[in-house]
Each structure stands twice: as structure tokens, then as C-alpha cells.
$ cat coords-v1.pdb   # PDB, C-alpha atoms and all ligand atoms
MODEL        1
ATOM      1  CA  MET K   1     234.225 -72.972  37.661  1.00  0.00           C
ATOM      2  CA  ALA K   2     230.525 -72.601  36.942  1.00  0.00           C
ATOM      3  CA  PRO K   3     229.169 -76.120  37.581  1.00  0.00           C
ATOM      4  CA  ASP K   4     226.297 -75.828  35.078  1.00  0.00           C
ATOM      5  CA  LEU K   5     228.601 -74.720  32.237  1.00  0.00           C
ATOM      6  CA  THR K   6     231.307 -77.320  32.887  1.00  0.00           C
ATOM      7  CA  GLU K   7     228.668 -80.045  33.307  1.00  0.00           C
ATOM      8  CA  GLY K   8     227.104 -78.914  30.031  1.00  0.00           C
ATOM      9  CA  LEU K   9     230.508 -79.028  28.352  1.00  0.00           C
ATOM     10  CA  VAL K  10     231.191 -82.600  29.492  1.00  0.00           C
ATOM     11  CA  ASP K  11     227.663 -83.567  28.424  1.00  0.00           C
ATOM     12  CA  VAL K  12     228.238 -82.177  24.908  1.00  0.00           C
ATOM     13  CA  CYS K  13     231.575 -84.039  24.663  1.00  0.00           C
ATOM     14  CA  THR K  14     229.856 -87.292  25.648  1.00  0.00           C
ATOM     15  CA  ARG K  15     227.061 -86.728  23.114  1.00  0.00           C
ATOM     16  CA  LEU K  16     229.522 -85.882  20.315  1.00  0.00           C
ATOM     17  CA  TYR K  17     231.369 -89.122  21.025  1.00  0.00           C
ATOM     18  CA  GLN K  18     228.237 -91.265  21.342  1.00  0.00           C
ATOM     19  CA  ARG K  19     226.744 -89.775  18.134  1.00  0.00           C
ATOM     20  CA  ARG K  20     230.038 -90.619  16.380  1.00  0.00           C
ATOM     21  CA  LEU K  21     230.673 -86.962  15.630  1.00  0.00           C
ATOM     22  CA  THR K  22     234.155 -87.220  17.082  1.00  0.00           C
ATOM     23  CA  PHE K  23     236.652 -90.040  17.546  1.00  0.00           C
ATOM     24  CA  SER K  24     239.436 -90.803  20.031  1.00  0.00           C
ATOM     25  CA  THR K  25     241.331 -87.634  21.049  1.00  0.00           C
ATOM     26  CA  GLY K  26     240.091 -85.564  18.085  1.00  0.00           C
ATOM     27  CA  GLY K  27     238.320 -82.249  18.519  1.00  0.00           C
ATOM     28  CA  ASN K  28     238.097 -79.527  21.161  1.00  0.00           C
ATOM     29  CA  ILE K  29     235.050 -77.899  22.682  1.00  0.00           C
ATOM     30  CA  SER K  30     234.713 -74.772  24.798  1.00  0.00           C
ATOM     31  CA  VAL K  31     232.176 -72.546  26.518  1.00  0.00           C
ATOM     32  CA  ARG K  32     232.614 -68.935  27.606  1.00  0.00           C
ATOM     33  CA  ASP K  33     231.936 -67.625  31.110  1.00  0.00           C
ATOM     34  CA  GLY K  34     232.536 -63.864  31.042  1.00  0.00           C
ATOM     35  CA  ASP K  35     236.294 -63.271  30.827  1.00  0.00           C
ATOM     36  CA  ARG K  36     237.203 -66.930  31.164  1.00  0.00           C
ATOM     37  CA  VAL K  37     236.741 -69.947  28.959  1.00  0.00           C
ATOM     38  CA  TYR K  38     236.279 -73.612  29.916  1.00  0.00           C
ATOM     39  CA  ILE K  39     237.910 -75.872  27.340  1.00  0.00           C
ATOM     40  CA  THR K  40     238.660 -79.548  26.836  1.00  0.00           C
ATOM     41  CA  PRO K  41     242.166 -80.731  27.824  1.00  0.00           C
ATOM     42  CA  SER K  42     244.844 -81.640  25.281  1.00  0.00           C
ATOM     43  CA  GLY K  43     245.048 -85.214  24.009  1.00  0.00           C
ATOM     44  CA  ARG K  44     242.078 -86.764  25.809  1.00  0.00           C
ATOM     45  CA  ASN K  45     239.272 -88.956  24.493  1.00  0.00           C
ATOM     46  CA  LYS K  46     236.087 -86.834  24.356  1.00  0.00           C
ATOM     47  CA  GLY K  47     233.935 -89.795  25.382  1.00  0.00           C
ATOM     48  CA  MET K  48     235.749 -90.257  28.693  1.00  0.00           C
ATOM     49  CA  LEU K  49     235.969 -86.744  30.157  1.00  0.00           C
ATOM     50  CA  LYS K  50     234.823 -85.757  33.639  1.00  0.00           C
ATOM     51  CA  ARG K  51     234.148 -82.271  35.026  1.00  0.00           C
ATOM     52  CA  GLY K  52     237.508 -82.210  36.826  1.00  0.00           C
ATOM     53  CA  ASP K  53     239.332 -82.665  33.485  1.00  0.00           C
ATOM     54  CA  ILE K  54     238.050 -79.361  32.050  1.00  0.00           C
ATOM     55  CA  VAL K  55     240.663 -76.574  31.887  1.00  0.00           C
ATOM     56  CA  THR K  56     239.882 -72.941  32.708  1.00  0.00           C
ATOM     57  CA  VAL K  57     241.812 -70.335  30.677  1.00  0.00           C
ATOM     58  CA  ASP K  58     241.733 -66.538  30.606  1.00  0.00           C
ATOM     59  CA  MET K  59     241.198 -64.600  27.378  1.00  0.00           C
ATOM     60  CA  ASP K  60     244.963 -64.699  26.715  1.00  0.00           C
ATOM     61  CA  GLY K  61     245.046 -68.494  26.933  1.00  0.00           C
ATOM     62  CA  ARG K  62     246.739 -68.762  30.344  1.00  0.00           C
ATOM     63  CA  ALA K  63     245.554 -71.847  32.245  1.00  0.00           C
ATOM     64  CA  LEU K  64     243.934 -70.737  35.533  1.00  0.00           C
ATOM     65  CA  GLN K  65     242.771 -74.159  36.627  1.00  0.00           C
ATOM     66  CA  GLY K  66     243.284 -77.725  35.430  1.00  0.00           C
ATOM     67  CA  GLY K  67     245.921 -79.309  33.202  1.00  0.00           C
ATOM     68  CA  LYS K  68     247.058 -78.558  29.663  1.00  0.00           C
ATOM     69  CA  PRO K  69     244.384 -76.900  27.513  1.00  0.00           C
ATOM     70  CA  SER K  70     243.693 -77.993  23.922  1.00  0.00           C
ATOM     71  CA  ILE K  71     246.369 -76.977  21.379  1.00  0.00           C
ATOM     72  CA  GLU K  72     243.583 -75.208  19.474  1.00  0.00           C
ATOM     73  CA  THR K  73     242.733 -72.872  22.387  1.00  0.00           C
ATOM     74  CA  GLY K  74     244.017 -70.004  20.188  1.00  0.00           C
ATOM     75  CA  PHE K  75     241.213 -70.153  17.642  1.00  0.00           C
ATOM     76  CA  HIS K  76     238.524 -70.615  20.293  1.00  0.00           C
ATOM     77  CA  LEU K  77     239.702 -67.385  21.965  1.00  0.00           C
ATOM     78  CA  ALA K  78     239.987 -65.555  18.623  1.00  0.00           C
ATOM     79  CA  ILE K  79     236.330 -66.409  17.879  1.00  0.00           C
ATOM     80  CA  TYR K  80     235.143 -65.240  21.331  1.00  0.00           C
ATOM     81  CA  LYS K  81     237.036 -61.953  20.946  1.00  0.00           C
ATOM     82  CA  MET K  82     235.624 -61.317  17.468  1.00  0.00           C
ATOM     83  CA  ARG K  83     232.051 -62.455  18.101  1.00  0.00           C
ATOM     84  CA  PRO K  84     230.818 -61.447  21.589  1.00  0.00           C
ATOM     85  CA  GLU K  85     227.454 -63.129  20.960  1.00  0.00           C
ATOM     86  CA  VAL K  86     229.185 -66.508  20.531  1.00  0.00           C
ATOM     87  CA  GLN K  87     229.321 -68.369  23.853  1.00  0.00           C
ATOM     88  CA  ALA K  88     230.257 -71.882  22.730  1.00  0.00           C
ATOM     89  CA  VAL K  89     232.570 -73.367  20.077  1.00  0.00           C
ATOM     90  CA  VAL K  90     232.627 -76.985  18.873  1.00  0.00           C
ATOM     91  CA  HIS K  91     235.457 -78.337  16.722  1.00  0.00           C
ATOM     92  CA  CYS K  92     235.582 -82.015  15.800  1.00  0.00           C
ATOM     93  CA  HIS K  93     236.177 -84.463  12.956  1.00  0.00           C
ATOM     94  CA  PRO K  94     232.837 -86.020  11.955  1.00  0.00           C
ATOM     95  CA  GLN K  95     233.319 -88.634   9.243  1.00  0.00           C
ATOM     96  CA  TYR K  96     231.274 -87.205   6.348  1.00  0.00           C
ATOM     97  CA  CYS K  97     232.238 -83.573   7.028  1.00  0.00           C
ATOM     98  CA  THR K  98     235.878 -84.621   7.102  1.00  0.00           C
ATOM     99  CA  ALA K  99     235.455 -86.653   3.896  1.00  0.00           C
ATOM    100  CA  LEU K 100     234.171 -83.528   2.110  1.00  0.00           C
ATOM    101  CA  ALA K 101     236.982 -81.476   3.659  1.00  0.00           C
ATOM    102  CA  VAL K 102     239.598 -83.979   2.440  1.00  0.00           C
ATOM    103  CA  MET K 103     238.077 -84.037  -1.058  1.00  0.00           C
ATOM    104  CA  GLY K 104     237.939 -80.240  -1.138  1.00  0.00           C
ATOM    105  CA  ALA K 105     234.246 -80.541  -2.028  1.00  0.00           C
ATOM    106  CA  PRO K 106     231.978 -77.580  -1.279  1.00  0.00           C
ATOM    107  CA  MET K 107     229.343 -78.169   1.414  1.00  0.00           C
ATOM    108  CA  ARG K 108     225.757 -78.019   0.088  1.00  0.00           C
ATOM    109  CA  THR K 109     223.339 -76.883   2.783  1.00  0.00           C
ATOM    110  CA  GLY K 110     220.320 -76.223   0.546  1.00  0.00           C
ATOM    111  CA  LEU K 111     219.185 -79.852   0.260  1.00  0.00           C
ATOM    112  CA  THR K 112     216.631 -79.678   3.124  1.00  0.00           C
ATOM    113  CA  PRO K 113     215.031 -76.770   5.040  1.00  0.00           C
ATOM    114  CA  GLU K 114     217.009 -77.514   8.232  1.00  0.00           C
ATOM    115  CA  GLY K 115     220.298 -77.048   6.405  1.00  0.00           C
ATOM    116  CA  VAL K 116     219.115 -73.646   5.197  1.00  0.00           C
ATOM    117  CA  LEU K 117     217.831 -72.629   8.634  1.00  0.00           C
ATOM    118  CA  LEU K 118     220.552 -73.895  10.950  1.00  0.00           C
ATOM    119  CA  LEU K 119     223.687 -73.604   8.841  1.00  0.00           C
ATOM    120  CA  GLY K 120     223.443 -71.059   6.053  1.00  0.00           C
ATOM    121  CA  ASP K 121     226.494 -70.804   3.836  1.00  0.00           C
ATOM    122  CA  VAL K 122     229.310 -73.127   4.995  1.00  0.00           C
ATOM    123  CA  PRO K 123     232.734 -72.180   3.577  1.00  0.00           C
ATOM    124  CA  LEU K 124     235.665 -74.575   3.183  1.00  0.00           C
ATOM    125  CA  VAL K 125     238.581 -72.933   5.003  1.00  0.00           C
ATOM    126  CA  PRO K 126     241.999 -73.643   3.382  1.00  0.00           C
ATOM    127  CA  TYR K 127     244.360 -75.992   5.235  1.00  0.00           C
ATOM    128  CA  GLY K 128     246.409 -74.713   8.152  1.00  0.00           C
ATOM    129  CA  THR K 129     248.717 -76.749  10.403  1.00  0.00           C
ATOM    130  CA  PRO K 130     246.871 -77.702  13.619  1.00  0.00           C
ATOM    131  CA  GLY K 131     247.840 -75.700  16.697  1.00  0.00           C
ATOM    132  CA  THR K 132     249.497 -72.827  14.748  1.00  0.00           C
ATOM    133  CA  LYS K 133     248.911 -69.079  14.536  1.00  0.00           C
ATOM    134  CA  ASP K 134     248.449 -69.523  10.778  1.00  0.00           C
ATOM    135  CA  LEU K 135     245.389 -71.681  11.429  1.00  0.00           C
ATOM    136  CA  VAL K 136     244.051 -69.130  13.937  1.00  0.00           C
ATOM    137  CA  ARG K 137     244.426 -66.326  11.352  1.00  0.00           C
ATOM    138  CA  LEU K 138     242.820 -68.389   8.597  1.00  0.00           C
ATOM    139  CA  LEU K 139     239.822 -69.389  10.696  1.00  0.00           C
ATOM    140  CA  ALA K 140     239.388 -65.902  12.132  1.00  0.00           C
ATOM    141  CA  SER K 141     238.935 -64.484   8.635  1.00  0.00           C
ATOM    142  CA  TYR K 142     236.062 -66.905   7.956  1.00  0.00           C
ATOM    143  CA  CYS K 143     234.400 -66.870  11.385  1.00  0.00           C
ATOM    144  CA  VAL K 144     233.323 -63.226  11.196  1.00  0.00           C
ATOM    145  CA  ASP K 145     230.149 -64.030   9.280  1.00  0.00           C
ATOM    146  CA  HIS K 146     229.722 -67.821   9.380  1.00  0.00           C
ATOM    147  CA  ASP K 147     228.456 -70.097  12.158  1.00  0.00           C
ATOM    148  CA  ALA K 148     229.606 -73.374  10.594  1.00  0.00           C
ATOM    149  CA  LEU K 149     232.744 -74.154   8.581  1.00  0.00           C
ATOM    150  CA  LEU K 150     234.630 -77.051   7.051  1.00  0.00           C
ATOM    151  CA  MET K 151     238.405 -77.085   7.558  1.00  0.00           C
ATOM    152  CA  ALA K 152     240.329 -78.511   4.567  1.00  0.00           C
ATOM    153  CA  ARG K 153     241.867 -81.959   5.248  1.00  0.00           C
ATOM    154  CA  HIS K 154     240.897 -81.631   8.884  1.00  0.00           C
ATOM    155  CA  GLY K 155     237.283 -81.425  10.092  1.00  0.00           C
ATOM    156  CA  ALA K 156     234.493 -79.061  11.045  1.00  0.00           C
ATOM    157  CA  LEU K 157     233.823 -76.075  13.295  1.00  0.00           C
ATOM    158  CA  THR K 158     230.567 -74.640  14.619  1.00  0.00           C
ATOM    159  CA  MET K 159     229.646 -71.930  17.096  1.00  0.00           C
ATOM    160  CA  GLY K 160     226.525 -70.729  18.834  1.00  0.00           C
ATOM    161  CA  LYS K 161     224.984 -68.535  21.514  1.00  0.00           C
ATOM    162  CA  ASP K 162     225.209 -71.523  23.883  1.00  0.00           C
ATOM    163  CA  LEU K 163     226.447 -75.130  23.945  1.00  0.00           C
ATOM    164  CA  GLU K 164     223.144 -76.500  22.644  1.00  0.00           C
ATOM    165  CA  GLU K 165     223.131 -74.253  19.567  1.00  0.00           C
ATOM    166  CA  ALA K 166     226.784 -75.037  18.726  1.00  0.00           C
ATOM    167  CA  PHE K 167     226.090 -78.782  19.198  1.00  0.00           C
ATOM    168  CA  ASN K 168     222.912 -78.595  17.060  1.00  0.00           C
ATOM    169  CA  ARG K 169     224.864 -76.988  14.254  1.00  0.00           C
ATOM    170  CA  MET K 170     227.545 -79.706  14.357  1.00  0.00           C
ATOM    171  CA  GLU K 171     224.933 -82.480  14.391  1.00  0.00           C
ATOM    172  CA  GLU K 172     223.096 -80.827  11.475  1.00  0.00           C
ATOM    173  CA  LEU K 173     226.339 -80.210   9.570  1.00  0.00           C
ATOM    174  CA  GLU K 174     227.224 -83.908   9.701  1.00  0.00           C
ATOM    175  CA  PHE K 175     223.635 -84.865   8.746  1.00  0.00           C
ATOM    176  CA  GLN K 176     223.837 -82.585   5.692  1.00  0.00           C
ATOM    177  CA  ALA K 177     227.313 -83.865   4.739  1.00  0.00           C
ATOM    178  CA  HIS K 178     226.048 -87.457   4.948  1.00  0.00           C
ATOM    179  CA  MET K 179     222.957 -86.461   2.923  1.00  0.00           C
ATOM    180  CA  GLN K 180     225.239 -85.016   0.261  1.00  0.00           C
ATOM    181  CA  PHE K 181     226.891 -88.428  -0.213  1.00  0.00           C
ATOM    182  CA  LEU K 182     223.492 -90.176  -0.301  1.00  0.00           C
ATOM    183  CA  VAL K 183     221.705 -87.971  -2.853  1.00  0.00           C
ATOM    184  CA  GLY K 184     224.536 -87.348  -5.321  1.00  0.00           C
ATOM    185  CA  ASP K 185     223.881 -84.318  -7.488  1.00  0.00           C
ATOM    186  CA  ALA K 186     220.207 -83.838  -6.505  1.00  0.00           C
ATOM    187  CA  GLU K 187     219.141 -80.229  -6.872  1.00  0.00           C
ATOM    188  CA  GLU K 188     219.032 -77.930  -3.868  1.00  0.00           C
ATOM    189  CA  ILE K 189     215.903 -76.074  -2.741  1.00  0.00           C
ATOM    190  CA  PRO K 190     215.388 -73.155  -5.175  1.00  0.00           C
ATOM    191  CA  LEU K 191     216.755 -69.804  -4.035  1.00  0.00           C
ATOM    192  CA  GLU K 192     213.290 -68.228  -3.805  1.00  0.00           C
ATOM    193  CA  GLU K 193     212.079 -70.933  -1.404  1.00  0.00           C
ATOM    194  CA  ARG K 194     215.274 -70.691   0.653  1.00  0.00           C
ATOM    195  CA  ARG K 195     214.571 -66.991   1.124  1.00  0.00           C
ATOM    196  CA  ARG K 196     211.015 -67.850   2.221  1.00  0.00           C
ATOM    197  CA  ILE K 197     212.356 -70.397   4.756  1.00  0.00           C
ATOM    198  CA  LEU K 198     214.597 -67.693   6.188  1.00  0.00           C
ATOM    199  CA  GLY K 199     211.699 -65.226   6.340  1.00  0.00           C
ATOM    200  CA  LEU K 200     213.396 -62.896   3.852  1.00  0.00           C
ATOM    201  CA  PRO K 201     211.352 -60.696   1.489  1.00  0.00           C
TER     202      PRO K 201
HETATM  203 ZN    ZN K 301     240.975 -80.915  14.812  1.00  0.00          ZN
ENDMDL
END

$ encode --input "coords-v1.pdb" --output "C-alpha cells" --more "lines below"
Ligand SMILES: [Zn+2]
Amino acid sequence: MAPDLTEGLVDVCTRLYQRRLTFSTGGNISVRDGDRVYITPSGRNKGMLKRGDIVTVDMDGRALQGGKPSIETGFHLAIYKMRPEVQAVVHCHPQYCTALAVMGAPMRTGLTPEGVLLLGDVPLVPYGTPGTKDLVRLLASYCVDHDALLMARHGALTMGKDLEEAFNRMEELEFQAHMQFLVGDAEEIPLEERRRILGLP
């Protein structure tokens, strides 16, 4: 195990828990190290993990070291196979993101410049039973060109080029979801300005 990556993974889990972005055993977080992936174990509280609890799996999901990997290991691996530039995946159940996902309400990321910059378009992925191949297939079809997603009646998913970027996106996603409840139907930043923020012509 690469100590810096597994330490970083435990650190992100602790931060997610302390920032109330995940609760009890909910969520699963992983980081890629070449042809292996370090992932959180099944059924454990994300605020109480230690380095020795992290499970190492190969790209087919076989555990190489540690206990039982998360039941959602399948979609983490599908994302890494599809998007080689993605090196970290964060899935958890932040309260406001999950509220939107339960209501089936579309995520609005054009309320502030950070939402535009960090998140872009955030689709609401239809419901799939946790831990199933159906959920892996559903998510895979949306992950090709999105870095942040809501999962209907379930939670949220972000990815990034490293753990910090994936964590930043999750923190920003929950901030924007909370904002959406606070501001009601306030208008989003006009399209022209959003293009300017993104440096588009
Ligand atoms: Zn979940």
C-alpha cells in the first residue's frame, strides 16, 4: 500500500464525517494507484477508520489486502476503467444533496460562480439498487462526461484527478444543494456570464 495515498484516503473520510457530508456507515471512497485501488471497507463508520482498515483491490475487484471491500466497489472500478484521468472517487449521502435526490429535484449549479466552475452540469441518475450491476451500468452511462452526480433516492457521487479535487467537488455540491434550499427560486447566473466564468468564447 502506498502510505501517502492510504493516509490521504483516511484523512478524506475523517473530513467528510466531520463536515457532516456523510453519516454512520454510509458512503464509500477510493483512490487509484496504478492497477490497484484502495477503497473503504464494507459497513464501517467513515469517521472511525484507520489506515489498516483500507482494502486493496485489483481492477477486477479481487481483494488483495484487507477485509471486505465496499459493496459499491463495482462502480468505482467502472469509473476508473472509463476515465483514466480520474484518480479518486467519493460517494456519500450529504443531507441536502440527498434531500434533492429523494425529491427528484434537478440540481442547480449556476447560483454562484464556484458552482459553475467546480461542478458544471450535475445530472440526477435514476434509482438503482445499491450494490447491483444495474446501478453500475446506470452510473457508468452518466459518468462519461460528468464529474458530479446526484443518485435518485440515495446520495451523491463526485470524482477528480486526486482525492482533494474529488473532496472539493463533494463539499461544493453539498454547499450548492444547501444554497438551493435557502434561496428558493432565485435566478441563476445568466448563461453569457457562466461562459465568461468558464473562459469560453
Ligand atoms: Zn450510498

$ closest_atom_pairs --input "coords-v1.pdb" --of "chain K" --to "ligand ZN 301 (chain K)" --cutoff "7 Å" --atoms "all atoms listed in the file" --output "CSV"
residue,atom,partner,partner_atom,distance
K:Gly26,CA,K:ZN301,ZN,5.8
K:Gly27,CA,K:ZN301,ZN,4.8
K:His91,CA,K:ZN301,ZN,6.4
K:Cys92,CA,K:ZN301,ZN,5.6
K:His93,CA,K:ZN301,ZN,6.2
K:Pro130,CA,K:ZN301,ZN,6.8
K:His154,CA,K:ZN301,ZN,6.0
K:Gly155,CA,K:ZN301,ZN,6.0

$ resolve_selection --input "coords-v1.pdb" --expression "the PyMOL selection byres (((chain K and resi 163-180) around 9) and not hetatm)" --output "ChimeraX atom specification"
/K:5,8-9,12,15-16,19,21,30-31,87-92,94-100,107-112,114-115,118-119,122,147-149,156-162,181-186

$ atom_distance --input "coords-v1.pdb" --atom1 "CA of Arg20 in chain K" --atom2 "CA of Asn45 in chain K"
12.4 Å

$ closest_residue --input "coords-v1.pdb" --among "K:Met151, K:Val144, K:Met48, K:Leu191" --to "Ala78 in chain K" --atoms "all atoms listed in the file"
K:Val144

$ resolve_selection --input "coords-v1.pdb" --expression "the PyMOL selection byres (((chain K and resi 72) around 8) and not hetatm)" --output "ChimeraX atom specification"
/K:28,70-71,73-76,130-132

$ resolve_selection --input "coords-v1.pdb" --expression "the PyMOL selection byres (((chain K and resi 46) around 7) and not hetatm)" --output "count of residues only"
10

$ residues_around --input "coords-v1.pdb" --residues "Ile39 in chain K" --least-positions-apart "4" --cutoff "7 Å" --atoms "all atoms listed in the file" --output "MDAnalysis selection string"
chainID K and resid 29:31 54:56 69

$ closest_atom_pairs --input "coords-v1.pdb" --of "range 67-165 of chain K" --to "range 195-201 of chain K" --cutoff "9 Å" --atoms "all atoms listed in the file" --output "tab-separated table"
residue	atom	partner	partner_atom	distance
K:Pro113	CA	K:Ile197	CA	6.9
K:Val116	CA	K:Ile197	CA	7.5
K:Leu117	CA	K:Leu198	CA	6.4

$ write_last_selection --input "coords-v1.pdb" --atoms "C-alpha atoms" --output "PDB file, in the frame of the given file"
ATOM      1  CA  PRO K 113     215.031 -76.770   5.040  1.00  0.00           C
ATOM      2  CA  VAL K 116     219.115 -73.646   5.197  1.00  0.00           C
ATOM      3  CA  LEU K 117     217.831 -72.629   8.634  1.00  0.00           C
TER       4      LEU K 117
END

$ atom_distance --input "coords-v1.pdb" --atom1 "CA of Val57 in chain K" --atom2 "CA of Leu124 in chain K"
28.5 Å
